[in-house]
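*Asks:* To be precise about what I am sending: the file is called my_file_11.cif and holds mmCIF, C-alpha atoms and all ligand atoms.
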```cif
data_start
#
loop_
_atom_site.label_atom_id
_atom_site.label_comp_id
_atom_site.auth_asym_id
_atom_site.auth_seq_id
_atom_site.Cartn_x
_atom_site.Cartn_y
_atom_site.Cartn_z
CA MET A 1242 0.00 0.00 0.00
CA GLN A 1243 1.19 3.44 -0.85
CA HIS A 1244 0.83 6.05 1.86
CA GLN A 1245 0.12 9.57 0.85
CA ASP A 1246 -0.49 12.51 3.11
CA PRO A 1247 -2.18 15.28 1.17
CA ASN A 1248 -1.18 17.73 3.86
CA ALA A 1249 2.47 16.80 3.67
CA ALA A 1250 3.28 19.74 1.43
CA SER A 1251 2.51 22.09 4.30
CA SER A 1252 5.60 21.19 6.32
CA SER A 1253 8.13 23.44 4.57
CA ARG A 1254 6.10 26.62 4.17
CA GLN A 1255 6.99 29.56 6.40
CA PRO A 1256 4.41 32.30 5.66
CA ASP A 1257 1.25 32.41 7.73
CA PRO A 1258 -1.31 30.15 6.09
CA HIS A 1259 -4.11 32.15 7.76
CA PRO A 1260 -4.01 35.53 6.04
CA PRO A 1261 -6.91 37.92 6.57
CA ARG A 1262 -9.81 36.02 5.17
CA ARG A 1263 -10.04 37.11 1.60
CA LYS A 1264 -11.88 33.86 1.03
CA ARG A 1265 -14.96 35.70 2.12
CA GLN A 1266 -14.93 37.61 -1.13
CA ARG A 1267 -14.97 34.37 -2.98
CA THR A 1268 -17.56 32.68 -0.90
CA ASN A 1269 -19.74 35.65 0.00
CA ARG A 1270 -20.58 33.78 3.15
CA ARG A 1271 -23.32 35.13 5.26
CA ARG A 1272 -22.23 33.85 8.61
CA PRO A 1273 -18.52 34.39 8.39
CA ARG A 1274 -16.34 32.34 10.60
CA PRO A 1275 -14.83 34.45 13.33
CA PRO A 1276 -11.41 35.31 11.91
CA THR A 1277 -8.62 33.66 13.80
CA GLN A 1278 -7.11 37.04 14.63
CA ARG A 1279 -10.26 38.20 16.37
CA TYR A 1280 -10.65 34.92 18.16
CA PRO A 1281 -7.83 34.72 20.68
CA PRO A 1282 -7.01 31.35 22.18
CA LEU A 1283 -9.60 31.19 24.91
CA GLY A 1284 -10.17 28.73 27.67
CA PRO A 1285 -12.92 26.22 27.00
CA ASP A 1286 -15.45 28.22 29.00
CA ASP A 1287 -14.49 31.64 27.76
CA ASP A 1288 -16.89 32.65 25.03
CA ARG A 1289 -16.07 36.35 24.83
CA GLY A 1290 -14.84 36.15 21.25
CA TYR A 1291 -17.84 34.15 20.18
CA PHE A 1292 -20.40 36.60 21.55
CA GLU A 1293 -18.38 39.59 20.37
CA PHE A 1294 -18.63 38.12 16.90
CA TYR A 1295 -22.42 37.92 17.16
CA SER A 1296 -22.52 41.53 18.34
CA HIS A 1297 -21.75 42.60 14.75
CA LEU A 1298 -24.99 43.65 13.09
CA GLY A 1299 -23.73 42.51 9.68
CA VAL A 1300 -23.76 38.89 10.80
CA HIS A 1301 -27.44 39.16 11.74
CA GLU A 1302 -28.27 41.09 8.60
CA GLU A 1303 -26.76 38.30 6.52
CA MET A 1304 -28.74 35.64 8.37
CA LEU A 1305 -31.99 37.58 8.10
CA LYS A 1306 -31.39 38.10 4.38
CA ASP A 1307 -30.92 34.38 3.91
CA HIS A 1308 -34.43 33.94 2.61
CA VAL A 1309 -34.35 30.14 2.64
CA ARG A 1310 -33.28 30.07 6.28
CA THR A 1311 -35.56 32.74 7.70
CA SER A 1312 -38.65 31.88 5.67
CA THR A 1313 -38.31 28.17 6.48
CA TYR A 1314 -38.22 28.98 10.19
CA ARG A 1315 -41.27 31.17 9.75
CA LYS A 1316 -43.11 28.41 7.88
CA ALA A 1317 -42.12 25.89 10.54
CA ILE A 1318 -43.42 28.12 13.34
CA MET A 1319 -46.68 28.68 11.47
CA TYR A 1320 -46.90 24.96 10.69
CA HIS A 1321 -46.87 24.27 14.41
CA GLN A 1322 -49.18 27.14 15.30
CA ALA A 1323 -51.61 24.79 17.03
CA SER A 1324 -48.85 23.77 19.45
CA ILE A 1325 -47.64 27.36 19.98
CA GLU A 1326 -50.91 29.25 20.43
CA GLY A 1327 -51.47 30.12 24.08
CA LYS A 1328 -48.21 28.40 25.06
CA VAL A 1329 -44.83 29.37 26.54
CA VAL A 1330 -41.89 29.48 24.13
CA LEU A 1331 -38.14 29.81 24.70
CA ASP A 1332 -36.00 31.23 21.88
CA VAL A 1333 -32.40 30.19 22.56
CA GLY A 1334 -30.04 32.79 21.08
CA CYS A 1335 -32.68 35.19 19.79
CA GLY A 1336 -30.24 37.51 17.94
CA THR A 1337 -32.42 40.30 16.55
CA GLY A 1338 -35.52 38.60 17.98
CA VAL A 1339 -36.93 37.46 14.66
CA LEU A 1340 -37.92 33.94 15.73
CA ALA A 1341 -39.34 35.16 19.03
CA ILE A 1342 -41.51 37.63 17.11
CA PHE A 1343 -42.65 34.90 14.68
CA CYS A 1344 -43.71 32.86 17.71
CA ALA A 1345 -45.60 35.82 19.18
CA GLN A 1346 -47.30 36.25 15.80
CA ALA A 1347 -48.24 32.57 15.93
CA GLY A 1348 -50.12 33.28 19.15
CA ALA A 1349 -47.65 32.33 21.91
CA ARG A 1350 -48.79 33.49 25.35
CA LYS A 1351 -45.21 34.17 26.50
CA VAL A 1352 -41.87 34.07 24.71
CA TYR A 1353 -38.58 34.13 26.58
CA ALA A 1354 -36.01 35.47 24.13
CA VAL A 1355 -32.51 34.82 25.47
CA GLU A 1356 -29.45 36.45 23.94
CA ALA A 1357 -25.95 36.68 25.37
CA CYS A 1358 -24.48 39.32 23.06
CA GLU A 1359 -24.91 43.06 23.32
CA PHE A 1360 -27.97 42.99 21.10
CA ALA A 1361 -30.37 42.28 23.88
CA GLY A 1362 -31.10 45.97 24.63
CA LEU A 1363 -31.90 46.72 21.00
CA VAL A 1364 -34.14 43.68 20.73
CA ASN A 1365 -36.13 44.98 23.66
CA THR A 1366 -36.76 48.19 21.74
CA VAL A 1367 -37.79 46.26 18.63
CA VAL A 1368 -40.23 44.28 20.77
CA GLU A 1369 -41.64 47.48 22.32
CA GLU A 1370 -41.98 49.17 18.93
CA ASN A 1371 -43.89 46.14 17.67
CA LYS A 1372 -46.15 46.27 20.73
CA LEU A 1373 -45.17 42.80 21.87
CA SER A 1374 -43.71 43.69 25.29
CA ASP A 1375 -46.52 41.92 27.10
CA ILE A 1376 -45.63 38.67 25.31
CA ILE A 1377 -41.87 38.71 24.73
CA ASP A 1378 -39.40 38.91 27.62
CA VAL A 1379 -35.88 39.59 26.40
CA LEU A 1380 -33.30 38.09 28.76
CA HIS A 1381 -29.73 39.28 28.37
CA GLY A 1382 -27.26 36.52 29.22
CA ARG A 1383 -26.12 33.04 28.38
CA VAL A 1384 -29.01 30.63 28.37
CA GLU A 1385 -26.98 28.49 30.76
CA GLU A 1386 -27.03 31.35 33.28
CA VAL A 1387 -30.39 33.13 33.00
CA GLU A 1388 -33.35 32.27 35.21
CA ILE A 1389 -36.78 31.35 33.87
CA HIS A 1390 -39.30 30.55 36.54
CA GLU A 1391 -41.57 28.22 34.62
CA GLN A 1392 -41.41 25.24 32.29
CA VAL A 1393 -41.81 25.93 28.58
CA ASP A 1394 -43.91 24.17 25.93
CA VAL A 1395 -41.70 24.98 22.96
CA ILE A 1396 -38.00 25.65 22.31
CA VAL A 1397 -37.01 27.30 19.07
CA SER A 1398 -33.43 28.04 18.08
CA GLU A 1399 -31.27 28.58 15.05
CA TRP A 1400 -28.07 26.93 16.24
CA MET A 1401 -26.58 25.36 13.11
CA GLY A 1402 -23.04 26.21 12.08
CA TYR A 1403 -20.96 25.15 9.13
CA MET A 1404 -20.89 21.38 8.82
CA LEU A 1405 -23.86 21.54 11.16
CA VAL A 1406 -21.92 21.29 14.41
CA PHE A 1407 -19.35 24.10 14.08
CA GLU A 1408 -19.88 26.65 16.89
CA SER A 1409 -21.22 23.93 19.23
CA MET A 1410 -24.30 26.00 19.93
CA LEU A 1411 -26.60 23.00 20.05
CA ALA A 1412 -25.18 22.15 23.49
CA SER A 1413 -26.79 25.36 24.81
CA VAL A 1414 -30.15 24.35 23.34
CA ILE A 1415 -29.86 20.93 24.96
CA ALA A 1416 -28.95 22.51 28.29
CA ALA A 1417 -32.10 24.64 28.00
CA ARG A 1418 -34.18 21.60 26.99
CA ASP A 1419 -33.01 19.70 30.04
CA ARG A 1420 -33.77 22.61 32.36
CA TRP A 1421 -37.10 23.90 31.12
CA LEU A 1422 -38.81 21.91 28.37
CA LYS A 1423 -41.96 20.14 29.48
CA GLN A 1424 -42.29 16.43 28.91
CA ASP A 1425 -43.54 16.05 25.30
CA GLY A 1426 -42.60 19.66 24.57
CA LEU A 1427 -41.81 20.77 21.03
CA ILE A 1428 -38.28 21.50 19.77
CA LEU A 1429 -37.78 23.37 16.51
CA PRO A 1430 -35.86 22.13 14.63
CA SER A 1431 -36.52 18.58 15.75
CA SER A 1432 -33.68 16.74 14.07
CA ALA A 1433 -30.64 17.46 11.97
CA LEU A 1434 -28.84 15.36 9.39
CA LEU A 1435 -25.28 15.87 8.19
CA TYR A 1436 -24.20 14.41 4.84
CA MET A 1437 -20.93 14.00 3.01
CA ALA A 1438 -20.03 13.09 -0.56
CA PRO A 1439 -16.81 12.88 -2.59
CA ILE A 1440 -16.50 15.61 -5.15
CA THR A 1441 -14.65 16.41 -8.31
CA HIS A 1442 -13.92 20.08 -8.99
CA PRO A 1443 -11.32 20.54 -11.75
CA GLU A 1444 -12.23 24.22 -12.31
CA ARG A 1445 -11.61 25.11 -8.68
CA TYR A 1446 -8.26 23.31 -8.71
CA SER A 1447 -7.27 24.89 -11.96
CA GLU A 1448 -8.21 28.47 -11.04
CA THR A 1449 -6.48 28.21 -7.65
CA ILE A 1450 -3.45 26.02 -8.27
CA ASP A 1451 -2.78 25.71 -11.99
CA PHE A 1452 -3.17 29.48 -12.25
CA TRP A 1453 0.42 29.81 -10.96
CA ARG A 1454 1.84 27.99 -13.95
CA ASP A 1455 1.33 30.97 -16.22
CA VAL A 1456 0.81 34.37 -14.59
CA HIS A 1457 0.79 36.96 -17.38
CA GLY A 1458 3.28 34.75 -19.22
CA ILE A 1459 5.52 34.22 -16.15
CA ASP A 1460 6.08 30.71 -14.79
CA MET A 1461 5.30 30.90 -11.05
CA SER A 1462 4.84 27.15 -10.63
CA VAL A 1463 7.17 27.25 -7.64
CA ILE A 1464 4.35 28.93 -5.74
CA ARG A 1465 1.96 26.02 -6.31
CA PRO A 1466 2.77 24.06 -3.12
CA TYR A 1467 2.15 27.16 -1.01
CA ALA A 1468 -0.99 27.91 -3.01
CA LYS A 1469 -2.27 24.41 -2.14
CA GLN A 1470 -1.59 25.05 1.50
CA CYS A 1471 -3.27 28.46 1.49
CA ALA A 1472 -6.30 27.28 -0.45
CA PHE A 1473 -6.83 23.77 0.83
CA GLN A 1474 -5.39 23.39 4.30
CA ASP A 1475 -8.54 24.65 5.98
CA PRO A 1476 -12.09 23.65 5.17
CA CYS A 1477 -13.63 25.91 2.52
CA VAL A 1478 -17.14 27.31 2.71
CA GLU A 1479 -18.32 27.55 -0.87
CA THR A 1480 -21.04 26.54 -3.24
CA ILE A 1481 -20.79 23.34 -5.20
CA THR A 1482 -23.33 21.86 -7.59
CA PRO A 1483 -24.67 18.35 -8.14
CA ALA A 1484 -22.30 18.15 -11.13
CA ASN A 1485 -19.40 18.07 -8.64
CA ILE A 1486 -20.73 15.10 -6.69
CA LEU A 1487 -19.13 11.75 -7.36
CA ALA A 1488 -21.16 9.31 -5.29
CA TRP A 1489 -24.44 8.87 -3.52
CA PRO A 1490 -24.11 10.88 -0.29
CA HIS A 1491 -23.38 9.27 3.04
CA LEU A 1492 -25.25 10.20 6.21
CA VAL A 1493 -22.61 11.23 8.73
CA THR A 1494 -24.98 11.65 11.63
CA CYS A 1495 -28.61 12.16 12.48
CA ILE A 1496 -29.13 14.26 15.57
CA ASN A 1497 -32.41 13.86 17.36
CA CYS A 1498 -32.81 17.13 19.27
CA HIS A 1499 -35.23 15.50 21.72
CA THR A 1500 -32.83 12.85 22.90
CA ILE A 1501 -29.21 13.82 22.16
CA THR A 1502 -27.11 14.53 25.24
CA ILE A 1503 -24.37 17.14 25.67
CA PRO A 1504 -21.53 14.57 25.95
CA GLU A 1505 -22.73 12.97 22.70
CA LEU A 1506 -22.19 16.30 20.95
CA GLU A 1507 -18.47 16.30 21.71
CA SER A 1508 -17.55 13.95 18.91
CA PHE A 1509 -19.05 12.14 15.93
CA GLN A 1510 -17.49 9.28 14.06
CA THR A 1511 -18.71 7.47 10.98
CA SER A 1512 -17.41 4.86 8.57
CA PHE A 1513 -18.36 5.36 4.96
CA ASN A 1514 -18.37 3.15 1.93
CA MET A 1515 -19.44 4.86 -1.27
CA ARG A 1516 -19.06 4.05 -4.93
CA SER A 1517 -18.05 6.52 -7.55
CA VAL A 1518 -20.67 6.91 -10.26
CA ARG A 1519 -18.09 7.89 -12.85
CA LYS A 1520 -14.42 8.11 -13.64
CA ALA A 1521 -13.09 11.49 -12.49
CA PRO A 1522 -10.40 13.16 -10.40
CA LEU A 1523 -11.46 13.19 -6.75
CA HIS A 1524 -10.64 16.59 -5.25
CA GLY A 1525 -12.15 16.24 -1.81
CA PHE A 1526 -15.36 15.85 0.14
CA ALA A 1527 -18.34 18.15 0.49
CA PHE A 1528 -20.57 18.39 3.55
CA TRP A 1529 -24.05 19.79 3.99
CA PHE A 1530 -26.99 19.38 6.32
CA ASP A 1531 -30.76 19.36 6.56
CA VAL A 1532 -32.81 20.17 9.63
CA ASP A 1533 -36.42 19.16 9.89
CA PHE A 1534 -39.30 20.60 11.81
CA THR A 1535 -41.45 17.51 12.25
CA GLY A 1536 -42.03 18.41 15.88
CA SER A 1537 -41.82 14.75 16.68
CA ASN A 1538 -39.30 12.66 18.51
CA GLN A 1539 -38.73 10.61 15.38
CA PRO A 1540 -37.09 12.04 12.27
CA THR A 1541 -39.50 11.34 9.46
CA TYR A 1542 -37.36 11.97 6.45
CA SER A 1543 -35.18 9.58 4.60
CA PRO A 1544 -31.49 10.40 4.92
CA ILE A 1545 -31.47 11.35 1.32
CA ARG A 1546 -34.76 13.16 1.03
CA SER A 1547 -37.02 12.16 -1.77
CA THR A 1548 -36.88 15.57 -3.42
CA GLN A 1549 -33.13 15.23 -3.60
CA ALA A 1550 -33.02 11.68 -4.73
CA THR A 1551 -33.15 12.31 -8.43
CA SER A 1552 -31.17 15.52 -8.55
CA ILE A 1553 -28.34 15.17 -6.09
CA LEU A 1554 -26.19 13.44 -8.67
CA VAL A 1555 -25.57 14.69 -12.13
CA THR A 1556 -24.04 12.10 -14.39
CA PRO A 1557 -24.60 13.11 -17.98
CA PRO A 1558 -25.04 10.02 -20.11
CA THR A 1559 -22.40 10.43 -22.78
CA ARG A 1560 -20.59 7.79 -24.77
CA THR A 1561 -17.55 7.97 -22.54
CA GLN A 1562 -19.61 8.36 -19.36
CA PRO A 1563 -22.45 5.85 -19.19
CA ALA A 1564 -25.53 6.72 -17.19
CA PRO A 1565 -25.30 5.51 -13.60
CA ASN A 1566 -26.77 2.26 -12.54
CA TRP A 1567 -29.30 3.72 -10.13
CA GLU A 1568 -29.94 0.48 -8.38
CA GLN A 1569 -26.28 0.17 -7.64
CA VAL A 1570 -25.95 3.81 -6.61
CA GLN A 1571 -28.89 3.69 -4.27
CA ASN A 1572 -28.30 0.32 -2.70
CA ILE A 1573 -24.91 0.96 -1.27
CA ALA A 1574 -24.41 -0.23 2.26
CA SER A 1575 -24.13 3.17 3.89
CA THR A 1576 -27.45 4.41 2.61
CA GLU A 1577 -29.14 1.18 3.62
CA ALA A 1578 -27.65 1.49 7.05
CA ALA A 1579 -28.86 5.05 7.27
CA LEU A 1580 -32.36 4.11 6.17
CA GLU A 1581 -32.43 1.45 8.82
CA MET A 1582 -31.17 3.90 11.40
CA LEU A 1583 -34.00 6.30 10.62
CA ASP A 1584 -36.74 3.77 10.01
CA LEU A 1585 -37.93 5.80 7.03
CA PRO A 1586 -41.62 6.54 7.43
CA LEU A 1587 -43.18 9.09 5.08
CA PRO A 1588 -43.73 12.64 6.34
CA PRO A 1589 -46.76 12.83 8.59
CA SER A 1590 -50.09 13.88 7.19
CA GLY A 1591 -51.89 13.98 10.56
CA ASP A 1592 -52.28 16.94 12.96
CA GLY A 1593 -54.67 18.57 10.53
CA HIS A 1594 -51.87 19.01 8.00
CA ASN A 1595 -52.05 17.83 4.46
CA ILE A 1596 -48.54 18.98 3.76
CA PRO A 1597 -45.34 17.73 5.33
CA PRO A 1598 -43.50 19.94 7.80
CA PRO A 1599 -40.84 22.19 6.27
CA VAL A 1600 -37.25 21.08 5.90
CA LEU A 1601 -34.35 23.52 5.81
CA SER A 1602 -31.85 21.99 3.44
CA THR A 1603 -28.38 23.21 2.58
CA ALA A 1604 -27.87 20.51 -0.06
CA PRO A 1605 -26.14 21.47 -3.30
CA ASN A 1606 -29.25 20.73 -5.32
CA GLU A 1607 -31.44 23.02 -3.19
CA PRO A 1608 -31.68 26.83 -3.26
CA SER A 1609 -28.52 28.24 -1.74
CA THR A 1610 -28.22 29.46 1.81
CA HIS A 1611 -25.58 31.42 3.68
CA TRP A 1612 -24.16 28.10 4.90
CA GLU A 1613 -23.39 27.09 1.30
CA GLN A 1614 -21.52 23.76 1.55
CA THR A 1615 -18.29 23.01 3.39
CA VAL A 1616 -15.55 21.36 1.34
CA LEU A 1617 -12.43 19.53 2.49
CA TYR A 1618 -9.96 19.58 -0.38
CA PHE A 1619 -6.95 17.36 -0.77
CA TYR A 1620 -3.80 19.09 -1.92
CA ASP A 1621 -3.84 17.03 -5.09
CA PRO A 1622 -6.60 15.15 -6.88
CA VAL A 1623 -6.69 11.36 -7.00
CA ASP A 1624 -8.20 9.56 -9.98
CA VAL A 1625 -11.17 7.33 -9.28
CA GLU A 1626 -12.75 4.88 -11.70
CA ASN A 1627 -16.41 4.41 -12.37
CA ASN A 1628 -17.90 2.23 -9.62
CA GLN A 1629 -14.75 2.44 -7.48
CA VAL A 1630 -15.19 1.99 -3.75
CA ILE A 1631 -14.42 5.12 -1.74
CA GLU A 1632 -14.27 4.14 1.90
CA GLY A 1633 -12.90 5.36 5.17
CA THR A 1634 -13.73 7.02 8.45
CA LEU A 1635 -14.53 10.55 9.48
CA THR A 1636 -14.22 11.99 12.97
CA LEU A 1637 -15.57 15.39 13.96
CA SER A 1638 -14.74 16.57 17.45
CA GLN A 1639 -14.84 19.75 19.46
CA ASN A 1640 -11.42 21.36 19.61
CA PRO A 1641 -10.12 20.86 23.18
CA THR A 1642 -8.79 24.44 23.39
CA ASN A 1643 -11.93 26.08 22.07
CA LYS A 1644 -15.04 23.95 21.83
CA ARG A 1645 -16.50 26.33 19.21
CA PHE A 1646 -13.90 25.08 16.74
CA LEU A 1647 -14.27 21.73 15.02
CA ASN A 1648 -11.45 19.25 14.57
CA ILE A 1649 -11.88 17.13 11.46
CA ARG A 1650 -10.06 13.93 10.66
CA LEU A 1651 -10.70 12.05 7.43
CA ASP A 1652 -9.06 8.69 6.75
CA LEU A 1653 -9.67 7.47 3.24
CA ILE A 1654 -8.93 4.20 1.50
CA LEU A 1655 -9.01 4.42 -2.24
CA GLY A 1656 -7.78 1.39 -4.14
CA GLY A 1657 -4.20 0.95 -2.95
CA LEU A 1658 -3.97 4.42 -1.44
CA ILE A 1659 -4.44 5.56 2.11
CA LEU A 1660 -5.12 9.27 2.38
CA LYS A 1661 -5.39 11.30 5.55
CA LYS A 1662 -6.65 14.81 6.09
CA GLU A 1663 -6.60 16.52 9.46
CA THR A 1664 -7.78 20.08 9.82
CA THR A 1665 -9.73 22.46 12.02
CA LEU A 1666 -12.73 24.55 11.15
CA ARG A 1667 -12.20 27.80 13.03
C1 LIG A 1701 -27.22 31.86 14.57
S1 LIG A 1701 -27.66 33.21 15.54
C2 LIG A 1701 -29.43 33.19 15.37
C3 LIG A 1701 -30.08 34.49 15.75
C4 LIG A 1701 -31.59 34.53 15.58
N1 LIG A 1701 -32.24 33.49 16.34
C5 LIG A 1701 -31.97 34.40 14.14
O1 LIG A 1701 -32.52 33.36 13.77
O2 LIG A 1701 -31.70 35.32 13.36
C6 LIG A 1701 -27.38 32.55 17.13
C7 LIG A 1701 -27.50 33.54 18.26
O3 LIG A 1701 -27.48 32.83 19.47
C8 LIG A 1701 -26.71 33.53 20.42
N2 LIG A 1701 -26.24 32.54 21.38
C9 LIG A 1701 -25.42 31.48 21.12
N3 LIG A 1701 -25.22 30.75 22.22
C10 LIG A 1701 -25.93 31.35 23.21
C11 LIG A 1701 -26.11 31.07 24.59
N4 LIG A 1701 -25.51 30.02 25.17
N5 LIG A 1701 -26.89 31.88 25.31
C12 LIG A 1701 -27.49 32.95 24.73
N6 LIG A 1701 -27.35 33.28 23.44
C13 LIG A 1701 -26.59 32.49 22.68
C14 LIG A 1701 -25.63 34.18 19.60
O4 LIG A 1701 -25.09 35.32 20.26
C15 LIG A 1701 -26.39 34.55 18.33
O5 LIG A 1701 -26.93 35.84 18.40
#
```
Do you think you could lay out the structure here as structure tokens?
Ligand SMILES: C[S@@+](CC[C@H](N)C(=O)[O-])C[C@H]1O[C@@H](n2cnc3c(N)ncnc32)[C@H](O)[C@@H]1O
*Replies:*
Amino acid sequence: MQHQDPNAASSSRQPDPHPPRRKRQRTNRRRPRPPTQRYPPLGPDDDRGYFEFYSHLGVHEEMLKDHVRTSTYRKAIMYHQASIEGKVVLDVGCGTGVLAIFCAQAGARKVYAVEACEFAGLVNTVVEENKLSDIIDVLHGRVEEVEIHEQVDVIVSEWMGYMLVFESMLASVIAARDRWLKQDGLILPSSALLYMAPITHPERYSETIDFWRDVHGIDMSVIRPYAKQCAFQDPCVETITPANILAWPHLVTCINCHTITIPELESFQTSFNMRSVRKAPLHGFAFWFDVDFTGSNQPTYSPIRSTQATSILVTPPTRTQPAPNWEQVQNIASTEAALEMLDLPLPPSGDGHNIPPPVLSTAPNEPSTHWEQTVLYFYDPVDVENNQVIEGTLTLSQNPTNKRFLNIRLDLILGGLILKKETTLR
């Protein structure tokens, strides 16, 4: 077996591989990662940098302008109006107060809107101006530290970070659930599913790395190893399309927000076994997530939702690239295992609803969101054949120095190659 470490090229580079994040220009991300420079190495319980970051209005503006995100939350709250009307709601991390106000509009009797960053005062004014002060109580502080003197019927929160679990905010929601949610209370979202798939992206590689071969007629190829390090050492937040995807996606984890515990959030590990649907250079792996608002303890969507099933993969049937064998693509072990794990019932049609509850999807074949997709690139592509097994393990774990950061370890077996990628999303 040949051993290849795609990160090996990083060892000899001296310049700082974390320059001010110009990547933002490329990715136009709406919830920018706190730049390393503004995020000093903090103790595990010191969240000053995190809440300072959320004190920037631009971050909230970007989230509010993410139409898919905000309108799906609104639809979900209205979908569950019967469970919210006349009830007590807790909004964990209310930001500008938008979800708390949606809940008040849905008829909540009382909404506790908890926010740790400096926004809380402003939110109070927004609430007053909208004549909702008798319903919404804005509490300034960490949800772990504020006092609420009653049990709540509903918890709503927008806690998802890149790759779903970046930021580790779900732990705060779970802490609130364990303190205040009534037995059989509602949690929105109810479950969350993280997916991964191998991708091919020759254009991205070419524009970032091959670019240095000919810069206005000058050969700067010597810069290529450093360019690989700068571009691909860290996870990239960017938009990919179904045309980039090389295999039926693998379900990394399904989080049931009713039952998950805080220790379980510290680390996720999965083994994957996928098959390439065509011959192509493999450039890395993409990650995305869905959250659903079923309101039930059981996730009711298939790991690869039915709306995605036909469009997640694009494999143009040409003479050199035969159309995929769908049976083969869909019956791979990992998907079967995932289906079994989730027990795959259809979306509910009860509760007076004829339509299924909304799903907020960040999949590459769905309308784009500020989360885009997260991509782990290798420094160099590896050729895969049609129908080739792509297998390995993935571990995601909270960074021990700062639990908001996410350590990622990918071990890949590809034919005779063993590839390893270790990085941190920060
Ligand atoms: C992703 S934003 C969502 C804001 C708002 N709910 C929305 O949908 O626009 C998450 C917010 O939760 C706040 N937050 C995160 N952890 C918190 C905690 N433990 N206690 C209170 N607020 C928290 C952050 O400061 C941030 O404003």
*Asks:* Using only C-alpha atoms, find the one residue out of A:Asn1606, A:Ser1517, A:Pro1598, A:Lys1306 that sits nearest to Gly1656 (chain A).
*Replies:* A:Ser1517
*Asks:* Fewer than 3 positions away in the same chain doesn't count, so skip those; otherwise give me all residues within 7 Å of Met1515 (chain A), counting only C-alpha atoms, as a PyMOL selection string.
*Replies:* chain A and resi 1488-1489+1573+1630-1632
*Asks:* Return the single residue from A:Ala1521, A:Met1304, A:Leu1429, A:Ile1325 that is closest to Asn1485 (chain A), with distances computed using all atoms listed in the file.
*Replies:*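 Nearest to Asn1485 (chain A): A:Ala1521.
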*Asks:* Pick the closest to Ala1468 (chain A) from A:Ile1440, A:Val1456, A:Ile1450, A:Leu1380: which is it, counting all atoms listed in the file?
*Replies:*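 So, comparing all the options, the nearest one is A:Ile1450.
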*Asks:* How many Å lie between CA of Glu1359 (chain A) and CA of Ala1341 (chain A), rounded to one decimal?
*Replies:*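 Distance between the two atoms: 17.0 Å.
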*Asks:* Taking all atoms listed in the file into account, name the residue in A:Arg1516, A:His1499, A:His1524, A:Arg1645 that is nearest to ligand LIG 1701 (chain A).
*Replies:*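 Ranked by minimum distance to ligand LIG 1701 (chain A), first place goes to A:Arg1645.
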*Asks:* For a cutoff of 10 Å around the file-coordinate point (-44.9, 39.1, 25.0), which residues qualify once you count all atoms listed in the file? I'd like the result as a ChimeraX atom specification.
*Replies:* /A:1329,1341-1342,1344-1346,1348-1354,1368-1369,1372-1379
*Asks:* Within 9 Å of Cys1335 (chain A), counting only C-alpha atoms, which residues show up once you throw out same-chain ones fewer than 6 positions away? Write them as a count of residues only, please.
*Replies:* 10
*Asks:* Any idea what's packed within 10 Å of Val1623 (chain A), counting only C-alpha atoms, ignoring anything in its chain fewer than 6 positions away? Could you give it as an mmCIF file with C-alpha atoms, in the frame of the given file?
*Replies:*
```
data_model
loop_
_atom_site.group_PDB
_atom_site.id
_atom_site.type_symbol
_atom_site.label_atom_id
_atom_site.label_comp_id
_atom_site.auth_asym_id
_atom_site.auth_seq_id
_atom_site.Cartn_x
_atom_site.Cartn_y
_atom_site.Cartn_z
ATOM 1 C CA THR A 1441 -14.650 16.410 -8.310
ATOM 2 C CA ALA A 1521 -13.090 11.490 -12.490
ATOM 3 C CA PRO A 1522 -10.400 13.160 -10.400
ATOM 4 C CA LEU A 1523 -11.460 13.190 -6.750
ATOM 5 C CA HIS A 1524 -10.640 16.590 -5.250
ATOM 6 C CA GLY A 1525 -12.150 16.240 -1.810
ATOM 7 C CA LEU A 1655 -9.010 4.420 -2.240
ATOM 8 C CA LEU A 1658 -3.970 4.420 -1.440
ATOM 9 C CA LEU A 1660 -5.120 9.270 2.380
#
```
*Asks:* Residues within 9 Å of Glu1391 (chain A), please, as a ChimeraX atom specification. Count all atoms listed in the file; anything in the same chain fewer than 2 positions from it doesn't count.
*Replies:* /A:1329,1389,1393,1421
*Asks:* Write the residues of the preceding selection, restricted to C-alpha atoms, as a CSV table (one decimal), keeping the file's coordinate frame.
*Replies:*
```
chain,number,residue,atom,x,y,z
A,1329,VAL,CA,-44.8,29.4,26.5
A,1389,ILE,CA,-36.8,31.4,33.9
A,1393,VAL,CA,-41.8,25.9,28.6
A,1421,TRP,CA,-37.1,23.9,31.1
```
